[in-house]
Structure formats: structure tokens, C-alpha cells
Amino acid sequence: MSFDPYIHFQGNCAEAMTFYSSLFGADDLQIMRYSQTPDGPPEFAGSDLVLHASLVLGGRVLMASDYPPGMPGLPQQSVSVSHTLPDAQKARAVFDALSEGGAEIMAFGETFFCEGFGMVRDRFGTHWMIGGPMKEFA
């Protein structure tokens with residue numbers, strides 16, 4: 001049993017998940033569109049919006065979708081996706097890539113708990129906490 005993040009977008013889910021898949025070197029990315037919904041309502045028929053996407057990386061899953069056609073919604077605002085990498089250089093590179101077109105929340109740097117850590121809201125509105133590696137505590 002596990003908890004897996006599920007994030008919502010307003011029309012750019014496929015672009016975001018494709019970017020994340022490339023950036024993180026995902027093992028698998030699956031995307032299903034609203035138009036592929038069996039017996040879906042008429043407004044789903046021609047929609048290119050994402051009904052469900054899943055990105056698998058090292059046995060962990062990040063899932064996402066666009067809001068249904070015609071439904072307003074607010075993209076993720078109070079949740080961050082945390083990702084830890086094996087070294088600070090790799091973590092910094094991921095942080096920098098996510099920062100392009102986004103907004104830095106906490107500058108990347110050494111902290112008391114991590115050799116490198118930073119927080120960012122990417123250009124898709126997703127909040128990230130990127131770090132690595134964790135420091136050992138006595």
C-alpha cells in the first residue's frame with residue numbers, strides 16, 4: 001500500500017507529464033485522453049485533454065489529469081511533490097530545469113538536513129521540493 005501524488009492541470013497535463021518524464025528519466029509514461037473514455041459524455045468525444053496520466057520512476061508513481069472539459073478548477077496550490085536525488089549536483093540540475101519559466105520559492109543550497117535543497121513552482125504550476133543527498137543525524 002502506498003500514497004501516490006495525483007496532480008491536476010488546466011489543459012497542459014500532457015505537456016507537463018512529458019517534460020517530467022524526460023527530466024527525471026521515467027521508466028514509463030502512460031497518457032489517456034478524455035476522448036478515449038468508453039461511453040463518455042458528448043463533451044469528452046473530441047477532447048484532447050488528459051483523463052489520466054501516470055509516470056513511473058523507480059517503482060514510484062506520479063499521476064495527473066486535466067480538469068474535465070468545461071469544468072473550471074484550480075491547479076495544485078497547497079501540495080508539493082518531493083524528489084530526492086543521489087547527489088547535490090543532480091538535484092541542482094533538476095531544480096534549475098524546473099525553475100525555467102517558473103518561480104523560485106526557496107533558493108537551492110545546503111541546509112542542515114540536506115547537502116542541496118530548494119523549492120520551486122514550475123511553469124505548469126506544480127510545486128516541487130528538490131534535494132539530495134540527505135545528511136545523517138547523530
# chains A, B, ... in the order shown; residues from 1 in each chain; ligands from 1
>>> residues_around(residues="Ser54 (chain A)", least_positions_apart="5", cutoff="7 Å", atoms="only C-alpha atoms", output="ChimeraX atom specification")
/A:29-31,61-64
>>> select_by_dssp(residues="region 33-108 of chain A", states="helix (DSSP H, G or I)", output="PyMOL selection string")
chain A and resi 34-36+42-44+88-99
>>> write_last_selection(atoms="N, CA and C atoms", output="compact mmCIF listing (two decimals), in the first residue's frame")
# COMPACT_ATOMS: atom_id res chain seq x y z
N TYR A 34 -9.51 12.22 -22.52
CA TYR A 34 -10.96 12.16 -22.28
C TYR A 34 -11.68 11.56 -23.49
N SER A 35 -11.15 11.84 -24.69
CA SER A 35 -11.78 11.32 -25.91
C SER A 35 -11.73 9.80 -25.99
N GLN A 36 -10.90 9.16 -25.20
CA GLN A 36 -10.77 7.70 -25.20
C GLN A 36 -11.69 7.04 -24.17
N PRO A 42 -20.93 13.44 -24.24
CA PRO A 42 -20.61 14.09 -25.51
C PRO A 42 -19.45 15.07 -25.44
N GLU A 43 -19.32 15.81 -24.35
CA GLU A 43 -18.24 16.81 -24.26
C GLU A 43 -16.85 16.16 -24.21
N PHE A 44 -16.76 14.87 -23.93
CA PHE A 44 -15.48 14.17 -23.92
C PHE A 44 -15.05 13.75 -25.33
N ALA A 88 24.03 16.25 -4.81
CA ALA A 88 23.59 17.64 -4.86
C ALA A 88 23.68 18.23 -6.27
N GLN A 89 24.65 17.80 -7.07
CA GLN A 89 24.77 18.32 -8.43
C GLN A 89 23.58 17.92 -9.29
N LYS A 90 23.17 16.66 -9.20
CA LYS A 90 22.00 16.21 -9.95
C LYS A 90 20.74 16.91 -9.45
N ALA A 91 20.64 17.08 -8.14
CA ALA A 91 19.49 17.78 -7.57
C ALA A 91 19.44 19.22 -8.07
N ARG A 92 20.57 19.87 -8.11
CA ARG A 92 20.63 21.26 -8.60
C ARG A 92 20.21 21.35 -10.06
N ALA A 93 20.64 20.39 -10.87
CA ALA A 93 20.28 20.39 -12.30
C ALA A 93 18.77 20.23 -12.48
N VAL A 94 18.15 19.36 -11.69
CA VAL A 94 16.70 19.17 -11.76
C VAL A 94 15.99 20.45 -11.29
N PHE A 95 16.46 21.01 -10.18
CA PHE A 95 15.89 22.26 -9.65
C PHE A 95 15.95 23.36 -10.71
N ASP A 96 17.10 23.51 -11.36
CA ASP A 96 17.25 24.55 -12.39
C ASP A 96 16.30 24.32 -13.56
N ALA A 97 16.15 23.06 -13.99
CA ALA A 97 15.25 22.76 -15.11
C ALA A 97 13.80 23.07 -14.74
N LEU A 98 13.40 22.74 -13.52
CA LEU A 98 12.04 23.02 -13.07
C LEU A 98 11.80 24.52 -12.89
N SER A 99 12.87 25.27 -12.60
CA SER A 99 12.76 26.72 -12.37
C SER A 99 12.53 27.50 -13.65
>>> residues_around(residues="region 120-124 of chain A", least_positions_apart="5", cutoff="7 Å", atoms="only C-alpha atoms", output="PyMOL selection string")
chain A and resi 16+98-99+101-106+129
>>> residues_around(residues="Thr84 (chain A)", least_positions_apart="5", cutoff="6 Å", atoms="only C-alpha atoms", output="PyMOL selection string")
chain A and resi 130-132
>>> closest_residue(among="A:Ser2, A:Thr18, A:Thr126, A:Gln10", to="Gln77 (chain A)", atoms="only C-alpha atoms")
A:Thr126
>>> closest_residue(among="A:Glu136, A:Gln76, A:Thr111, A:Glu100", to="Phe19 (chain A)", atoms="only C-alpha atoms")
A:Glu100
>>> closest_residue(among="A:Gly58, A:Gly125, A:Gly116, A:Pro69", to="Phe24 (chain A)", atoms="only C-alpha atoms")
A:Gly58
>>> atom_distance(atom1="CA of Phe112 (chain A)", atom2="CA of His127 (chain A)")
21.5 Å
>>> select_by_dssp(residues="chain A", states="strand (DSSP E)", output="VMD selection string")
chain A and resid 6 to 9 28 to 33 50 to 57 60 to 66 80 to 84 103 to 109 117 to 121 127 to 131
>>> atom_distance(atom1="CA of Gly40 (chain A)", atom2="CA of Pro5 (chain A)")
25.2 Å
>>> closest_residue(among="A:Glu110, A:Glu15, A:Glu115, A:Asp66", to="Arg33 (chain A)", atoms="only C-alpha atoms")
A:Asp66
